[in-house]
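One structure is given below, encoded as C-alpha cells.
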Amino acid sequence: MSGTALNMIVGLGNPGAEHLLTRHNAGFWFVDALARKYGGQFRGHTRYQGEVCRIQIGTHEVHLLKPQTYMNRSGLSIRSLSDYLKIAPEQILVAHDELDLPPGVARFKLGGGHGGHNGLRDTITHIGANFWRLRLGVGHPGDKSEVIDFVLQRASVKEEDLIMTALQAAMEQLPVFLDQGAEKAMHLLHTQNGKSA
C-alpha cells in the first residue's frame, strides 16, 4: 500500500502569549507537539511571515509552519512557504480547531469549505481548497453569537485534556498516513476516537 505525500504541516493559531492556550490555537499545539516528538526547533522567518522547522518522520522530510500573521491572514504565510518549496496544496496538511466536533475527536479530511473558520477561509483564498485538514474538535458554545469569545478562551481542564488526547492520536497516525496512505490513517484515527463525523 502506497503512502500519501505530505511535505508541509501547518498549525493555525494566533501569535502571542495571550492566545497560546486558547481553543483557537489547537493547530499550533499540534505542530508544537510534532516538533517536540521529532526534535524540530521553530525559527521565525520574515520571508514566510511565520515560524518554520523541518522534521523527519521515518524516511519523510516534513516542513512545519506556524503562521504569525494572525488567523484571518494565515493563507499569506502558507502560500509564501509552499510557493518557495514548490509544494502542491494536496501535499499540505492544515491542523485547526473545529467547532463542529466535540473535544476528544480528531478527523482527517481532504478539501471542502471553510465552515466559517477564518484561517481556513484565507488559506482557501491563497492556495485553493484541495489541501488536507486535521480537524481538532473543541466543541461549540451552543449559540452562534458566542463563537468568537468561545474560541478565544481557554477550554476547561477536562476539555483541554480531551483535545490533547485527540491531538496525540492524530500524531500517532501520521507515519501510517505517510507510509500506508491517508485512507488507512483516516480509518484508524476515526475508529479510535469515536464514530465517523
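Residues in the C-alpha cells are numbered from 1 in each chain, the chains being A, B, ... in the order shown, and ligands are numbered from 1 in the order shown.
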
Polymer residues at most 7 Å from stretch 85-97 of chain A, only C-alpha atoms, same-chain spacing of 3 or more positions, as a short mmCIF file (atom, residue, chain, number, x, y, z; two decimals) with N, CA and C atoms, in the first residue's frame:
```
data_model
loop_
_atom_site.label_atom_id
_atom_site.label_comp_id
_atom_site.auth_asym_id
_atom_site.auth_seq_id
_atom_site.Cartn_x
_atom_site.Cartn_y
_atom_site.Cartn_z
N ALA A 5 1.62 11.58 0.15
CA ALA A 5 2.68 12.58 0.34
C ALA A 5 2.17 13.75 1.17
N LEU A 6 2.92 14.08 2.21
CA LEU A 6 2.70 15.30 2.99
C LEU A 6 4.06 15.94 3.16
N ASN A 7 4.26 17.07 2.53
CA ASN A 7 5.55 17.75 2.64
C ASN A 7 5.52 18.94 3.58
N MET A 8 4.30 19.30 3.99
CA MET A 8 4.17 20.50 4.83
C MET A 8 2.96 20.33 5.75
N ILE A 9 3.17 20.60 7.03
CA ILE A 9 2.08 20.56 8.01
C ILE A 9 2.00 21.94 8.66
N VAL A 10 0.83 22.54 8.59
CA VAL A 10 0.61 23.89 9.09
C VAL A 10 -0.30 23.82 10.31
N GLY A 11 0.06 24.52 11.36
CA GLY A 11 -0.84 24.68 12.50
C GLY A 11 -1.42 26.08 12.48
N LEU A 12 -2.72 26.19 12.55
CA LEU A 12 -3.35 27.51 12.58
C LEU A 12 -3.51 27.99 14.02
N ARG A 23 -8.62 27.94 22.66
CA ARG A 23 -9.09 26.86 21.77
C ARG A 23 -8.66 27.10 20.32
N HIS A 24 -8.64 28.37 19.91
CA HIS A 24 -8.34 28.72 18.52
C HIS A 24 -6.90 28.34 18.14
N ALA A 26 -5.42 25.42 18.76
CA ALA A 26 -5.23 23.96 18.75
C ALA A 26 -4.30 23.52 17.62
N GLY A 27 -4.35 24.22 16.50
CA GLY A 27 -3.45 23.89 15.38
C GLY A 27 -1.99 24.11 15.74
N PHE A 30 -0.69 21.30 17.85
CA PHE A 30 -0.38 20.08 17.09
C PHE A 30 1.03 20.13 16.51
N LEU A 81 5.44 30.05 1.89
CA LEU A 81 6.32 28.90 2.09
C LEU A 81 6.08 27.82 1.04
N SER A 82 4.82 27.53 0.73
CA SER A 82 4.55 26.47 -0.24
C SER A 82 5.04 26.85 -1.64
N ILE A 127 -4.50 29.32 -1.66
CA ILE A 127 -3.99 28.09 -2.30
C ILE A 127 -5.10 27.18 -2.82
N ASN A 130 -8.05 22.38 -2.12
CA ASN A 130 -7.64 20.98 -2.23
C ASN A 130 -6.43 20.65 -1.36
N PHE A 131 -6.54 20.96 -0.06
CA PHE A 131 -5.48 20.60 0.88
C PHE A 131 -6.09 19.73 1.98
N TRP A 132 -5.22 18.99 2.65
CA TRP A 132 -5.67 18.15 3.76
C TRP A 132 -5.93 18.99 5.00
N ARG A 133 -6.91 18.58 5.79
CA ARG A 133 -7.18 19.24 7.06
C ARG A 133 -7.12 18.21 8.18
N LEU A 134 -6.64 18.63 9.32
CA LEU A 134 -6.78 17.87 10.55
C LEU A 134 -7.70 18.69 11.43
N ARG A 135 -8.93 18.20 11.60
CA ARG A 135 -9.96 18.92 12.35
C ARG A 135 -9.89 18.46 13.81
N LEU A 136 -9.50 19.37 14.68
CA LEU A 136 -9.35 19.06 16.10
C LEU A 136 -10.56 19.62 16.85
N GLY A 137 -11.44 18.73 17.28
CA GLY A 137 -12.68 19.14 17.91
C GLY A 137 -12.47 19.94 19.19
N VAL A 138 -13.15 21.09 19.28
CA VAL A 138 -13.11 21.91 20.50
C VAL A 138 -14.51 22.14 21.06
#
```

Can I get the residues of stretch 103-164 of chain A within 10 Å of stretch 176-183 of chain A, each with the closest pair of atoms and their distance in Å to one decimal, using only C-alpha atoms, sorted chain first then ascending number, as CSV?
```
residue,atom,partner,partner_atom,distance
A:Phe108,CA,A:Ala182,CA,8.2
A:Lys109,CA,A:Ala182,CA,9.1
A:Leu110,CA,A:Ala182,CA,9.4
A:Trp132,CA,A:Ala182,CA,9.7
```

Write the residues you've just listed into a file as a tab-separated table (two decimals), in the first residue's frame, and include C-alpha atoms for each of them.
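Listing of out.tsv after writing:
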```tsv
chain	number	residue	atom	x	y	z
A	108	PHE	CA	-8.51	13.96	8.67
A	109	LYS	CA	-10.27	15.41	5.63
A	110	LEU	CA	-9.26	16.38	2.09
A	132	TRP	CA	-5.67	18.15	3.76
```

Next item on the list: Write out as a PyMOL selection string which residues come within 9 Å of A:Arg79 when counting only C-alpha atoms, dropping same-chain ones fewer than 2 positions away.
Entry: chain A and resi 48+74-77+81-84+123+126-127

Next item on the list: Can you list, as a PyMOL selection string, all residues belonging to chain A that DSSP tags as alpha helix (DSSP H)?
Entry: chain A and resi 26-38+74-85+118-127+147-151+157-180+182-192

Next item on the list: Mind the document's chain letters and residue numbers, and return as a PyMOL selection string the residues of stretch 68-142 of chain A that DSSP labels strand (DSSP E).
Entry: chain A and resi 92-98+106-110+132-137

Keeping only C-alpha atoms, write the selected residues to a file as a PDB file, in the first residue's frame.
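Output contents, as saved in again-v7.pdb:
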```
ATOM      1  CA  ILE A  92      -0.219  20.187   2.714  1.00  0.00           C
ATOM      2  CA  LEU A  93      -1.989  19.294   5.971  1.00  0.00           C
ATOM      3  CA  VAL A  94      -3.572  22.178   7.886  1.00  0.00           C
ATOM      4  CA  ALA A  95      -4.381  21.498  11.558  1.00  0.00           C
ATOM      5  CA  HIS A  96      -7.121  23.669  13.049  1.00  0.00           C
ATOM      6  CA  ASP A  97      -9.736  23.918  15.787  1.00  0.00           C
ATOM      7  CA  GLU A  98     -13.137  22.544  14.759  1.00  0.00           C
ATOM      8  CA  ALA A 106      -9.954  14.472  15.545  1.00  0.00           C
ATOM      9  CA  ARG A 107     -10.601  13.907  11.844  1.00  0.00           C
ATOM     10  CA  PHE A 108      -8.514  13.955   8.675  1.00  0.00           C
ATOM     11  CA  LYS A 109     -10.266  15.407   5.634  1.00  0.00           C
ATOM     12  CA  LEU A 110      -9.256  16.377   2.091  1.00  0.00           C
ATOM     13  CA  TRP A 132      -5.673  18.147   3.758  1.00  0.00           C
ATOM     14  CA  ARG A 133      -7.179  19.240   7.059  1.00  0.00           C
ATOM     15  CA  LEU A 134      -6.781  17.871  10.552  1.00  0.00           C
ATOM     16  CA  ARG A 135      -9.964  18.915  12.351  1.00  0.00           C
ATOM     17  CA  LEU A 136      -9.353  19.065  16.102  1.00  0.00           C
ATOM     18  CA  GLY A 137     -12.679  19.141  17.913  1.00  0.00           C
TER      19      GLY A 137
END
```

As a PDB file with N, CA and C atoms, in the first residue's frame, please: the residues near A:Arg154 (cut-off 10 Å, only C-alpha atoms, same-chain neighbours under 5 positions excluded).
```
ATOM      1  N   HIS A  19      -2.696  34.345  23.496  1.00  0.00           N
ATOM      2  CA  HIS A  19      -3.511  33.422  22.693  1.00  0.00           C
ATOM      3  C   HIS A  19      -3.074  31.965  22.826  1.00  0.00           C
ATOM      4  N   LEU A  20      -1.924  31.747  23.414  1.00  0.00           N
ATOM      5  CA  LEU A  20      -1.281  30.432  23.400  1.00  0.00           C
ATOM      6  C   LEU A  20      -2.192  29.290  23.834  1.00  0.00           C
ATOM      7  N   LEU A  21      -2.962  29.485  24.897  1.00  0.00           N
ATOM      8  CA  LEU A  21      -3.749  28.392  25.471  1.00  0.00           C
ATOM      9  C   LEU A  21      -5.230  28.445  25.097  1.00  0.00           C
ATOM     10  N   THR A  22      -5.580  29.290  24.129  1.00  0.00           N
ATOM     11  CA  THR A  22      -6.984  29.380  23.716  1.00  0.00           C
ATOM     12  C   THR A  22      -7.332  28.257  22.740  1.00  0.00           C
ATOM     13  N   ARG A  23      -8.625  27.935  22.664  1.00  0.00           N
ATOM     14  CA  ARG A  23      -9.088  26.863  21.771  1.00  0.00           C
ATOM     15  C   ARG A  23      -8.663  27.102  20.317  1.00  0.00           C
ATOM     16  N   HIS A  24      -8.643  28.370  19.909  1.00  0.00           N
ATOM     17  CA  HIS A  24      -8.336  28.720  18.516  1.00  0.00           C
ATOM     18  C   HIS A  24      -6.901  28.344  18.139  1.00  0.00           C
ATOM     19  N   ASN A  25      -6.073  28.054  19.138  1.00  0.00           N
ATOM     20  CA  ASN A  25      -4.670  27.734  18.869  1.00  0.00           C
ATOM     21  C   ASN A  25      -4.388  26.233  18.868  1.00  0.00           C
ATOM     22  N   ASP A 149     -15.971  34.645  21.236  1.00  0.00           N
ATOM     23  CA  ASP A 149     -15.476  34.614  22.616  1.00  0.00           C
ATOM     24  C   ASP A 149     -15.052  33.199  23.017  1.00  0.00           C
ATOM     25  N   GLU A 159     -11.825  19.396  29.127  1.00  0.00           N
ATOM     26  CA  GLU A 159     -11.893  19.511  27.667  1.00  0.00           C
ATOM     27  C   GLU A 159     -10.503  19.642  27.059  1.00  0.00           C
ATOM     28  N   GLU A 160      -9.632  20.372  27.716  1.00  0.00           N
ATOM     29  CA  GLU A 160      -8.264  20.524  27.214  1.00  0.00           C
ATOM     30  C   GLU A 160      -7.557  19.169  27.179  1.00  0.00           C
TER      31      GLU A 160
END
```

Next item on the list: Between A:His60, A:His140, A:His114, A:Arg47, single out the one closest to A:Leu174, counting only C-alpha atoms.
Entry: A:His60

Checklist line | Distance in Å - atom CA of A:His187 versus atom CA of A:Pro102 | finding: 18.3 Å

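Considering the residues A:Gly139, A:Ala185, A:Met164, A:Ala170 and counting only C-alpha atoms, A:Leu101 has its shortest atom-to-atom contact with A:Gly139.
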
Checklist line | Between atom CA of A:Arg54 and atom CA of A:Arg73, distance in Å (one decimal) | finding: 22.6 Å

Next item on the list: Give me, please, the distance in Å between atom CA of A:Leu65 and atom CA of A:Val157, quoted to one decimal.
Entry: 26.8 Å

Note to self: Please determine, counting only C-alpha atoms, which residue among A:Gln153, A:Phe42, A:Met186, A:Asp122 has the shortest atom-to-atom distance to A:Phe28.
What the structure shows: A:Phe42

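Ranking A:Gly104, A:Gly128, A:Gly111, A:Gly116 by their shortest atom-to-atom distance to A:Ile163, with only C-alpha atoms included, puts A:Gly104 first.
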